[in-house]
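File shown here: target01.tsv, holding TSV, C-alpha atoms and all ligand atoms.
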chain	number	residue	atom	x	y	z
A	644	MET	CA	67.25	28.01	-18.52
A	645	ASN	CA	68.26	29.71	-21.71
A	646	HIS	CA	65.64	29.83	-24.44
A	647	THR	CA	64.33	32.84	-26.31
A	648	SER	CA	60.64	31.90	-25.74
A	649	ILE	CA	61.16	31.57	-21.99
A	650	PRO	CA	61.00	34.92	-20.17
A	651	THR	CA	63.90	35.74	-17.87
A	652	VAL	CA	62.89	36.74	-14.36
A	653	SER	CA	65.05	38.97	-12.17
A	654	PRO	CA	65.05	38.40	-8.43
A	655	LEU	CA	63.57	41.15	-6.24
A	656	ASN	CA	65.85	44.03	-5.33
A	657	LEU	CA	66.01	43.77	-1.54
A	658	GLU	CA	67.76	47.11	-0.93
A	659	SER	CA	64.60	48.77	0.37
A	660	LYS	CA	63.41	45.74	2.39
A	661	ALA	CA	64.57	47.09	5.76
A	662	ALA	CA	62.94	50.49	5.13
A	663	ILE	CA	59.61	48.93	4.12
A	664	GLN	CA	59.70	46.56	7.09
A	665	HIS	CA	60.40	49.56	9.33
A	666	LYS	CA	57.37	51.36	7.88
A	667	ILE	CA	55.22	48.26	8.60
A	668	ASP	CA	56.59	47.98	12.14
A	669	GLN	CA	55.96	51.67	12.87
A	670	LYS	CA	52.21	51.43	12.18
A	671	ILE	CA	49.99	51.94	15.26
A	672	LYS	CA	49.69	48.25	16.11
A	673	PRO	CA	51.78	45.71	17.97
A	674	VAL	CA	54.66	44.53	15.76
A	675	GLY	CA	53.54	41.59	13.62
A	676	SER	CA	49.88	41.84	14.64
A	677	LEU	CA	48.60	41.99	11.06
A	678	GLY	CA	50.15	38.59	10.44
A	679	LEU	CA	50.19	37.39	6.85
A	680	LEU	CA	48.93	40.77	5.63
A	681	GLU	CA	52.29	42.21	6.69
A	682	SER	CA	54.29	39.81	4.53
A	683	ILE	CA	51.94	40.43	1.60
A	684	ALA	CA	52.35	44.20	1.98
A	685	LEU	CA	56.14	43.76	2.08
A	686	LYS	CA	56.11	41.57	-1.02
A	687	VAL	CA	53.92	43.92	-3.06
A	688	ALA	CA	56.06	46.90	-2.03
A	689	LEU	CA	59.25	45.08	-3.02
A	690	ILE	CA	57.80	44.00	-6.37
A	691	GLN	CA	56.66	47.55	-7.14
A	692	GLU	CA	59.80	49.09	-5.61
A	693	THR	CA	57.83	51.63	-3.59
A	694	GLU	CA	56.75	52.14	0.01
A	695	ALA	CA	53.30	53.09	-1.31
A	696	PRO	CA	52.26	50.20	-3.58
A	697	GLU	CA	48.85	49.80	-5.18
A	698	ILE	CA	46.81	47.04	-6.78
A	699	SER	CA	45.83	48.29	-10.23
A	700	ASN	CA	43.37	46.79	-12.69
A	701	PRO	CA	43.81	43.14	-11.60
A	702	HIS	CA	43.37	40.68	-14.45
A	703	LEU	CA	42.31	37.04	-14.23
A	704	PHE	CA	42.75	34.71	-17.19
A	705	VAL	CA	41.00	31.34	-17.24
A	706	PHE	CA	42.90	29.01	-19.57
A	707	ALA	CA	40.97	26.04	-20.96
A	708	ALA	CA	42.18	22.90	-22.71
A	709	ASP	CA	41.33	19.24	-23.25
A	710	HIS	CA	43.38	16.28	-22.12
A	711	GLY	CA	44.01	13.06	-24.06
A	712	ILE	CA	44.53	11.22	-20.77
A	713	THR	CA	40.75	11.29	-20.20
A	714	ALA	CA	40.67	8.20	-22.49
A	715	GLU	CA	42.11	6.28	-19.50
A	716	GLY	CA	39.05	6.83	-17.28
A	717	VAL	CA	40.65	9.33	-14.90
A	718	SER	CA	37.68	11.68	-14.44
A	719	PRO	CA	34.04	11.06	-13.59
A	720	PHE	CA	33.10	13.76	-16.12
A	721	PRO	CA	33.36	13.56	-19.93
A	722	SER	CA	35.66	15.88	-21.90
A	723	GLU	CA	32.62	17.64	-23.37
A	724	VAL	CA	32.32	19.47	-20.04
A	725	THR	CA	35.43	21.52	-20.92
A	726	PRO	CA	33.81	23.44	-23.84
A	727	GLN	CA	30.47	23.48	-22.03
A	728	MET	CA	32.08	25.24	-19.08
A	729	VAL	CA	33.88	27.67	-21.41
A	730	LEU	CA	30.47	28.64	-22.79
A	731	ASN	CA	29.27	29.18	-19.21
A	732	PHE	CA	32.29	31.41	-18.46
A	733	LEU	CA	31.38	33.44	-21.55
A	734	SER	CA	27.72	33.75	-20.61
A	735	GLY	CA	28.66	34.77	-17.06
A	736	GLY	CA	27.13	31.82	-15.23
A	737	ALA	CA	30.10	29.96	-13.69
A	738	GLY	CA	31.56	30.20	-10.20
A	739	ILE	CA	34.46	32.31	-11.37
A	740	ASN	CA	32.12	34.86	-12.96
A	741	ALA	CA	30.34	35.41	-9.66
A	742	PHE	CA	33.58	35.92	-7.73
A	743	ALA	CA	35.36	37.93	-10.40
A	744	ASN	CA	32.36	40.29	-10.54
A	745	ARG	CA	32.18	40.57	-6.77
A	746	HIS	CA	35.86	41.20	-6.17
A	747	GLY	CA	36.76	43.40	-9.14
A	748	TRP	CA	38.81	41.20	-11.43
A	749	SER	CA	38.82	41.83	-15.14
A	750	LEU	CA	38.11	38.36	-16.58
A	751	LYS	CA	39.23	36.81	-19.87
A	752	VAL	CA	38.74	33.22	-21.02
A	753	VAL	CA	41.53	31.74	-23.09
A	754	ASP	CA	41.10	28.78	-25.41
A	755	ALA	CA	44.53	27.20	-25.01
A	756	GLY	CA	43.52	23.92	-26.60
A	757	VAL	CA	39.86	22.97	-26.31
A	758	ASN	CA	38.52	20.31	-28.66
A	759	PHE	CA	35.74	22.57	-29.91
A	760	ASP	CA	35.30	25.44	-32.37
A	761	PHE	CA	34.02	28.48	-30.49
A	762	GLU	CA	32.33	31.46	-32.09
A	763	ALA	CA	34.05	34.80	-31.46
A	764	HIS	CA	33.09	36.41	-28.16
A	765	PRO	CA	34.38	39.60	-26.47
A	766	LEU	CA	35.55	37.65	-23.39
A	767	LEU	CA	37.18	34.84	-25.39
A	768	VAL	CA	40.80	34.83	-26.52
A	769	ASP	CA	41.63	32.33	-29.24
A	770	ALA	CA	45.09	31.03	-28.38
A	771	LYS	CA	44.45	27.44	-29.41
A	772	VAL	CA	47.69	25.50	-29.88
A	773	LYS	CA	45.87	22.33	-30.87
A	774	LYS	CA	42.60	20.58	-30.06
A	775	GLY	CA	43.69	18.95	-26.83
A	776	THR	CA	46.82	17.09	-25.77
A	777	GLY	CA	47.57	13.51	-26.72
A	778	ASN	CA	47.31	10.66	-24.20
A	779	PHE	CA	50.69	10.83	-22.43
A	780	LEU	CA	50.67	7.09	-21.79
A	781	LYS	CA	51.02	6.61	-25.56
A	782	ALA	CA	53.21	9.56	-26.61
A	783	PRO	CA	54.24	12.99	-25.27
A	784	ALA	CA	51.17	15.15	-24.62
A	785	MET	CA	52.58	17.88	-26.86
A	786	SER	CA	55.81	18.61	-28.70
A	787	GLU	CA	58.35	21.03	-27.25
A	788	SER	CA	57.57	23.47	-30.05
A	789	GLU	CA	53.85	23.32	-29.16
A	790	CYS	CA	54.80	23.98	-25.54
A	791	LEU	CA	56.94	26.96	-26.52
A	792	SER	CA	54.14	28.23	-28.75
A	793	ALA	CA	51.90	28.15	-25.65
A	794	PHE	CA	54.54	30.24	-23.83
A	795	VAL	CA	54.70	32.82	-26.63
A	796	LYS	CA	50.89	33.20	-26.73
A	797	ALA	CA	50.77	33.46	-22.93
A	798	SER	CA	53.47	36.16	-22.90
A	799	ALA	CA	51.50	38.25	-25.39
A	800	LEU	CA	48.39	38.07	-23.18
A	801	VAL	CA	50.29	39.12	-20.06
A	802	GLN	CA	51.94	41.99	-21.92
A	803	GLU	CA	48.51	43.18	-23.12
A	804	ALA	CA	47.20	43.10	-19.54
A	805	LYS	CA	50.21	45.10	-18.41
A	806	GLU	CA	49.59	47.66	-21.17
A	807	ALA	CA	45.97	47.89	-19.95
A	808	GLY	CA	47.34	48.99	-16.57
A	809	ALA	CA	47.30	45.67	-14.70
A	810	ASN	CA	49.98	45.15	-12.07
A	811	THR	CA	48.33	42.11	-10.50
A	812	ILE	CA	47.41	38.94	-12.31
A	813	ALA	CA	45.83	35.57	-11.57
A	814	PHE	CA	45.26	32.45	-13.56
A	815	GLY	CA	42.48	29.91	-13.48
A	816	GLU	CA	41.93	26.78	-15.53
A	817	MET	CA	39.30	24.48	-16.96
A	818	GLY	CA	40.12	21.11	-18.46
A	819	ILE	CA	38.48	17.81	-17.63
A	820	GLY	CA	41.25	15.39	-16.64
A	821	ASN	CA	43.67	18.09	-15.56
A	822	THR	CA	43.97	16.98	-11.93
A	823	THR	CA	45.66	13.84	-13.28
A	824	THR	CA	48.02	15.92	-15.42
A	825	ALA	CA	48.79	18.23	-12.48
A	826	SER	CA	49.33	15.26	-10.14
A	827	LEU	CA	51.74	13.70	-12.61
A	828	LEU	CA	53.80	16.88	-12.91
A	829	MET	CA	53.87	17.11	-9.14
A	830	ALA	CA	54.90	13.46	-8.76
A	831	LYS	CA	57.70	13.87	-11.29
A	832	VAL	CA	59.10	17.12	-9.90
A	833	LEU	CA	58.75	16.27	-6.20
A	834	GLY	CA	59.77	12.63	-6.59
A	835	LEU	CA	56.48	11.23	-5.26
A	836	SER	CA	54.31	8.25	-6.23
A	837	GLY	CA	50.90	8.21	-7.94
A	838	THR	CA	49.09	7.46	-4.68
A	839	GLU	CA	50.81	10.35	-2.92
A	840	CYS	CA	49.62	12.82	-5.55
A	841	ALA	CA	46.29	11.61	-6.99
A	842	GLY	CA	43.16	13.01	-5.37
A	843	LYS	CA	39.42	13.25	-5.92
A	844	GLY	CA	39.49	16.02	-8.54
A	845	THR	CA	35.90	16.64	-9.62
A	846	GLY	CA	34.72	13.99	-7.16
A	847	ALA	CA	36.31	10.73	-8.31
A	848	ASN	CA	35.33	7.57	-6.41
A	849	GLU	CA	37.93	5.20	-4.96
A	850	ALA	CA	38.24	3.19	-8.18
A	851	ILE	CA	38.90	6.31	-10.28
A	852	VAL	CA	41.42	7.69	-7.77
A	853	ALA	CA	43.22	4.31	-7.88
A	854	ARG	CA	43.20	4.44	-11.70
A	855	LYS	CA	44.64	7.97	-11.59
A	856	ALA	CA	47.46	6.77	-9.33
A	857	GLU	CA	48.14	3.83	-11.65
A	858	VAL	CA	48.21	6.07	-14.75
A	859	ILE	CA	50.63	8.42	-12.98
A	860	ASP	CA	52.96	5.57	-11.98
A	861	LEU	CA	52.93	4.21	-15.55
A	862	ALA	CA	53.81	7.65	-16.92
A	863	LEU	CA	56.56	8.13	-14.33
A	864	GLU	CA	58.08	4.89	-15.56
A	865	LYS	CA	57.63	5.77	-19.25
A	866	TYR	CA	59.30	9.18	-18.83
A	867	ALA	CA	61.77	8.20	-16.10
A	868	ASP	CA	64.73	9.48	-18.14
A	869	LEU	CA	63.34	13.00	-18.67
A	870	LYS	CA	65.16	15.61	-16.63
A	871	ASP	CA	64.78	18.85	-18.59
A	872	PRO	CA	61.74	20.85	-17.32
A	873	LEU	CA	60.61	21.82	-20.82
A	874	ALA	CA	60.73	18.18	-21.91
A	875	ILE	CA	58.80	17.15	-18.78
A	876	LEU	CA	56.15	19.84	-19.28
A	877	SER	CA	55.76	18.86	-22.96
A	878	ALA	CA	55.53	15.13	-22.29
A	879	MET	CA	53.18	15.30	-19.32
A	880	GLY	CA	51.55	18.72	-19.28
A	881	GLY	CA	48.30	20.18	-20.46
A	882	LEU	CA	48.07	23.06	-22.92
A	883	GLU	CA	46.40	25.24	-20.27
A	884	ILE	CA	49.05	24.30	-17.71
A	885	ALA	CA	51.84	25.12	-20.18
A	886	MET	CA	50.19	28.46	-20.90
A	887	VAL	CA	49.83	29.27	-17.21
A	888	CYS	CA	53.48	28.34	-16.67
A	889	GLY	CA	54.60	30.67	-19.46
A	890	ALA	CA	52.22	33.40	-18.28
A	891	MET	CA	53.63	33.23	-14.76
A	892	LEU	CA	57.18	33.64	-16.03
A	893	GLU	CA	56.14	36.61	-18.20
A	894	ALA	CA	54.21	38.21	-15.33
A	895	ALA	CA	57.23	37.90	-13.06
A	896	ALA	CA	59.48	39.27	-15.82
A	897	GLN	CA	57.07	42.24	-16.03
A	898	ARG	CA	57.27	42.68	-12.22
A	899	MET	CA	53.59	41.92	-11.70
A	900	LEU	CA	52.13	40.33	-8.57
A	901	ILE	CA	50.96	36.76	-9.28
A	902	VAL	CA	48.04	35.42	-7.24
A	903	VAL	CA	48.34	31.62	-7.24
A	904	ASP	CA	45.09	29.62	-7.23
A	905	GLY	CA	44.60	25.93	-6.40
A	906	PHE	CA	46.07	22.55	-7.22
A	907	ILE	CA	46.36	22.80	-10.99
A	908	ILE	CA	47.68	26.34	-11.08
A	909	THR	CA	50.21	25.45	-8.39
A	910	SER	CA	51.45	22.56	-10.57
A	911	ALA	CA	52.08	25.13	-13.32
A	912	LEU	CA	54.09	27.16	-10.80
A	913	LEU	CA	56.09	24.06	-9.96
A	914	MET	CA	57.13	23.88	-13.62
A	915	ALA	CA	57.78	27.62	-13.78
A	916	GLU	CA	60.02	27.27	-10.73
A	917	GLN	CA	61.97	24.54	-12.50
A	918	LEU	CA	62.54	26.89	-15.43
A	919	CYS	CA	63.25	30.02	-13.39
A	920	PRO	CA	63.13	29.84	-9.57
A	921	GLU	CA	63.00	33.65	-9.18
A	922	VAL	CA	59.33	33.48	-10.27
A	923	LEU	CA	58.49	32.68	-6.62
A	924	ASP	CA	59.49	36.19	-5.55
A	925	TYR	CA	56.39	37.48	-7.35
A	926	CYS	CA	53.80	35.03	-5.98
A	927	VAL	CA	51.25	35.09	-3.21
A	928	PHE	CA	49.28	31.92	-2.50
A	929	ALA	CA	45.54	32.55	-2.47
A	930	HIS	CA	44.26	29.39	-0.82
A	931	GLN	CA	44.79	25.79	0.11
A	932	SER	CA	42.62	23.54	-2.00
A	933	ASN	CA	40.97	20.39	-0.68
A	934	GLU	CA	42.68	18.38	-3.43
A	935	GLN	CA	44.97	16.23	-1.28
A	936	GLY	CA	48.19	16.97	-3.15
A	937	HIS	CA	47.88	20.72	-2.82
A	938	GLN	CA	49.08	20.79	0.78
A	939	LYS	CA	52.24	18.93	-0.27
A	940	MET	CA	52.96	21.37	-3.07
A	941	LEU	CA	52.39	24.33	-0.74
A	942	LYS	CA	54.81	22.75	1.72
A	943	HIS	CA	57.39	22.46	-1.05
A	944	PHE	CA	57.04	26.21	-1.62
A	945	ASN	CA	57.03	26.91	2.12
A	946	ALA	CA	53.86	28.85	1.36
A	947	THR	CA	51.24	30.17	3.76
A	948	PRO	CA	47.98	30.38	1.81
A	949	ILE	CA	45.68	33.33	2.53
A	950	LEU	CA	42.46	31.32	2.62
A	951	GLN	CA	41.46	27.82	3.61
A	952	LEU	CA	37.86	27.41	2.56
A	953	GLY	CA	37.81	23.76	1.52
A	954	LEU	CA	37.51	24.75	-2.15
A	955	ARG	CA	38.23	22.21	-4.87
A	956	LEU	CA	36.76	23.86	-7.94
A	957	GLY	CA	39.60	25.52	-9.82
A	958	GLU	CA	38.66	28.14	-12.48
A	959	GLY	CA	40.70	30.65	-10.47
A	960	THR	CA	37.98	30.88	-7.80
A	961	GLY	CA	40.39	30.82	-4.85
A	962	ALA	CA	42.55	33.52	-6.41
A	963	ALA	CA	39.51	35.66	-7.12
A	964	LEU	CA	38.34	35.38	-3.51
A	965	ALA	CA	41.74	36.40	-2.11
A	966	LEU	CA	41.91	39.78	-3.87
A	967	PRO	CA	40.24	41.81	-1.07
A	968	MET	CA	42.81	40.48	1.43
A	969	ILE	CA	45.67	41.57	-0.82
A	970	GLN	CA	44.05	44.98	-1.30
A	971	SER	CA	43.65	45.24	2.47
A	972	ALA	CA	47.35	44.51	2.95
A	973	VAL	CA	48.22	47.39	0.64
A	974	ASP	CA	45.60	49.62	2.30
A	975	PHE	CA	47.02	49.24	5.81
A	976	LEU	CA	50.47	50.10	4.51
A	977	ASN	CA	49.17	53.24	2.79
A	978	GLN	CA	46.47	54.39	5.18
A	979	MET	CA	47.39	53.53	8.77
A	980	ASN	CA	49.08	56.12	10.94
A	981	SER	CA	52.47	55.43	12.43
A	982	PHE	CA	53.01	55.71	16.20
A	983	GLU	CA	54.46	59.14	15.49
A	984	THR	CA	51.71	60.52	13.19
A	985	GLY	CA	48.97	58.88	15.28
A	986	GLY	CA	50.26	60.22	18.59
A	987	VAL	CA	50.35	56.78	20.21
A	988	ALA	CA	52.95	55.81	22.80
A	989	THR	CA	55.27	52.96	21.81
A	990	GLY	CA	55.67	49.83	23.95
A	991	GLU	CA	58.90	48.51	25.42
A	1001	LIG	C1	30.97	21.24	-13.93
A	1001	LIG	C2	32.44	21.43	-13.62
A	1001	LIG	C3	32.96	22.71	-13.49
A	1001	LIG	C4	34.30	22.86	-13.19
A	1001	LIG	N1	35.05	23.96	-13.03
A	1001	LIG	C5	36.28	23.61	-12.74
A	1001	LIG	N2	36.38	22.27	-12.73
A	1001	LIG	C6	37.60	21.59	-12.35
A	1001	LIG	O1	37.55	20.18	-12.57
A	1001	LIG	C7	38.41	19.74	-13.61
A	1001	LIG	C8	39.45	18.78	-13.17
A	1001	LIG	O2	38.96	17.64	-12.52
A	1001	LIG	P1	39.17	16.18	-13.09
A	1001	LIG	O3	40.62	15.95	-13.22
A	1001	LIG	O4	38.52	15.30	-12.04
A	1001	LIG	O5	38.43	16.09	-14.40
A	1001	LIG	C9	39.08	20.96	-14.15
A	1001	LIG	O6	38.47	21.31	-15.33
A	1001	LIG	C10	38.90	21.98	-13.05
A	1001	LIG	O7	39.03	23.28	-13.36
A	1001	LIG	C11	35.17	21.77	-13.02
A	1001	LIG	C12	34.65	20.48	-13.16
A	1001	LIG	C13	33.28	20.30	-13.45
A	1001	LIG	C14	32.73	18.91	-13.61
A	1002	LIG	O1	42.41	22.98	-6.49
A	1002	LIG	C1	42.07	22.98	-7.67
A	1002	LIG	O2	42.51	23.82	-8.46
A	1002	LIG	C2	41.11	21.94	-8.19
A	1002	LIG	C3	40.77	20.85	-7.43
A	1002	LIG	C4	39.90	19.91	-7.95
A	1002	LIG	C5	39.38	20.07	-9.21
A	1002	LIG	N1	39.72	21.13	-9.93
A	1002	LIG	C6	40.58	22.07	-9.44

Kindly return the structure encoded in the file as structure tokens.
Ligand SMILES: Cc1cc2ncn([C@H]3O[C@H](COP(=O)(O)O)[C@@H](O)[C@H]3O)c2cc1C
Ligand SMILES: O=C(O)c1cccnc1
Amino acid sequence: MNHTSIPTVSPLNLESKAAIQHKIDQKIKPVGSLGLLESIALKVALIQETEAPEISNPHLFVFAADHGITAEGVSPFPSEVTPQMVLNFLSGGAGINAFANRHGWSLKVVDAGVNFDFEAHPLLVDAKVKKGTGNFLKAPAMSESECLSAFVKASALVQEAKEAGANTIAFGEMGIGNTTTASLLMAKVLGLSGTECAGKGTGANEAIVARKAEVIDLALEKYADLKDPLAILSAMGGLEIAMVCGAMLEAAAQRMLIVVDGFIITSALLMAEQLCPEVLDYCVFAHQSNEQGHQKMLKHFNATPILQLGLRLGEGTGAALALPMIQSAVDFLNQMNSFETGGVATGE
């Protein structure tokens, strides 16, 4: 897609693939015995165009925004929880803070469109496009220019992280109602129904899940004619999802490794793929969420997630937890002896 606000992603240069694969296969281990770690090592090496890649200063951005669709009774929690959780991210008391601290991520919280005026805080980035999306059953959630403005702000953040030495990046999200938004994007792009995509989110009961499915089907009908990904993202998306989508494209354009979190973040990747499919070359999938639609999206990407812990929290928690596995993949590539240097006899 050609638009100046949408970063252009180049596919990976595969010239060195055979040499890197050879290096992996020559390590003192049976061929393939490090499983998924081997494909992660290969991917990171290809992205960084070196046989000795490294994970430097990983950054995790949690994007927060409010959703007009909450007026339709799609979440058991009120919208006020969005700013309340942002304040918890800032004070260090949320799930993502614990895991980011433990695993060595540099954490920033981005106000993409929360319906609240925050005081300045060192961890908070003010990138507010507007105070929450509109209810997409009534009118498009945002205009295309608001969506592109989210992309521009996201690009600036990714570029700053890159300048700070980050070559690995992850995105989390907070926005009450956003599992409905993510399910709708998924339904539209994958050609599925509301029931196939709607799940429990924060813990919705059967009646709420049924309402989510109904809302999704109504929106699919309302926007049936939309084909252009930017128009779809603007009509149905959330401000945090739009920002994550733009940030993923910029990260891939900057040749950074993208660690994909759960259901909502994967829906942003679905939109990024629509805009520029090469973005997938730069992604590893951190985990499979318990949100029912996530498995279907992962299948679409033919993705093997690193972890399966039954998480359904969001905030980037799955991505944060996966970092040590990714670092271990790079470590075996850099630190293990080969059969030759280790003096080990090869098999048949
Ligand atoms: C206390 C709390 C902390 C959270 N942290 C992430 N989410 C997660 O739940 C929300 C989406 O679920 P739904 O579509 O059902 O509203 C998102 O904000 C997501 O990040 C949370 C939800 C709650 C209640
Ligand atoms: O997988 C996720 O990202 C998720 C699932 C449920 C609620 N919030 C986030």

**Report entry** All residues having an atom within 10 Å of ligand LIG 1002 (chain A) (all atoms listed in the file) as a count of residues only
**Finding:** 42

Report task. Tell me which protein, DNA and RNA residues are within 9 Å of Phe704 of chain A, counting only C-alpha atoms, leaving out same-chain ones fewer than 3 positions away, and put them as a PyMOL selection string. Result -> chain A and resi 749-753+800+812-816+887+959

Query raised in the report: Given the choices A:Lys670, A:Lys781, A:Lys942, A:His646, which gets closest to Ala862 of chain A if the distance is worked out from all atoms listed in the file?
Result: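 Ranking A:Lys670, A:Lys781, A:Lys942, A:His646 by distance to Ala862 of chain A, first place goes to A:Lys781.
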
Query raised in the report: What is the atom CA of Glu857 of chain A to atom C3 of ligand LIG 1001 (chain A) distance in Å?
Result: 24.3 Å

Report task. Please provide as a PyMOL selection string all residues within 12 Å of Ile875 of chain A, with the sequence filter that same-chain residues fewer than 6 positions apart are discarded (counting only C-alpha atoms). Result -> chain A and resi 779+783-787+790+824-825+827-832+862-863+865-869+881+885+911+913-915+917-918

Query - atom CA of Asn731 of chain A to atom CA of Gln951 of chain A, distance in Å rounded to a single decimal - result: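 For atom CA of Asn731 of chain A relative to atom CA of Gln951 of chain A, the distance reads 25.9 Å.
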
Mind listing whatever residues come within 10 Å of the point (50.8, 50.3, -3.1)? Use only C-alpha atoms, file coordinates, and give them as a tab-separated table (two decimals) with C-alpha atoms, in the frame of the given file.
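Now in selection_35.tsv:
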chain	number	residue	atom	x	y	z
A	684	ALA	CA	52.35	44.20	1.98
A	685	LEU	CA	56.14	43.76	2.08
A	687	VAL	CA	53.92	43.92	-3.06
A	688	ALA	CA	56.06	46.90	-2.03
A	689	LEU	CA	59.25	45.08	-3.02
A	690	ILE	CA	57.80	44.00	-6.37
A	691	GLN	CA	56.66	47.55	-7.14
A	692	GLU	CA	59.80	49.09	-5.61
A	693	THR	CA	57.83	51.63	-3.59
A	694	GLU	CA	56.75	52.14	0.01
A	695	ALA	CA	53.30	53.09	-1.31
A	696	PRO	CA	52.26	50.20	-3.58
A	697	GLU	CA	48.85	49.80	-5.18
A	698	ILE	CA	46.81	47.04	-6.78
A	699	SER	CA	45.83	48.29	-10.23
A	970	GLN	CA	44.05	44.98	-1.30
A	972	ALA	CA	47.35	44.51	2.95
A	973	VAL	CA	48.22	47.39	0.64
A	974	ASP	CA	45.60	49.62	2.30
A	975	PHE	CA	47.02	49.24	5.81
A	976	LEU	CA	50.47	50.10	4.51
A	977	ASN	CA	49.17	53.24	2.79

Report task. Between atom C14 of ligand LIG 1001 (chain A) and atom CA of Met728 of chain A, measure the distance and give it in Å to one decimal. Result ->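 Value for the atom C14 of ligand LIG 1001 (chain A)-atom CA of Met728 of chain A distance: 8.4 Å.
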
Query raised in the report: Pick the closest to Glu893 of chain A from A:Leu677, A:Leu833, A:Ala965, A:Ala799: which is it, counting all atoms listed in the file?
Result: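 Closest to Glu893 of chain A of all the choices is A:Ala799.
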
Query - Selection: 8 Å around segment 755-768 of chain A, only C-alpha atoms, excl. self and same-chain fewer than 5 positions, as a list in words - result: Phe706, Ala707, Ala708, Asp709, Thr725, Pro726, Leu733, Leu750, Lys773, Lys774, Gly775, Thr776, Ala793, Leu882, Glu883 and Met886 of chain A

Report task. Compare A:Pro673, A:Asp769, A:Ile851, A:Ser648 by their minimum atom-to-atom distance to ligand LIG 1001 (chain A), counting only C-alpha atoms and all ligand atoms, and give me the closest one. Result ->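 Closest candidate: A:Ile851.
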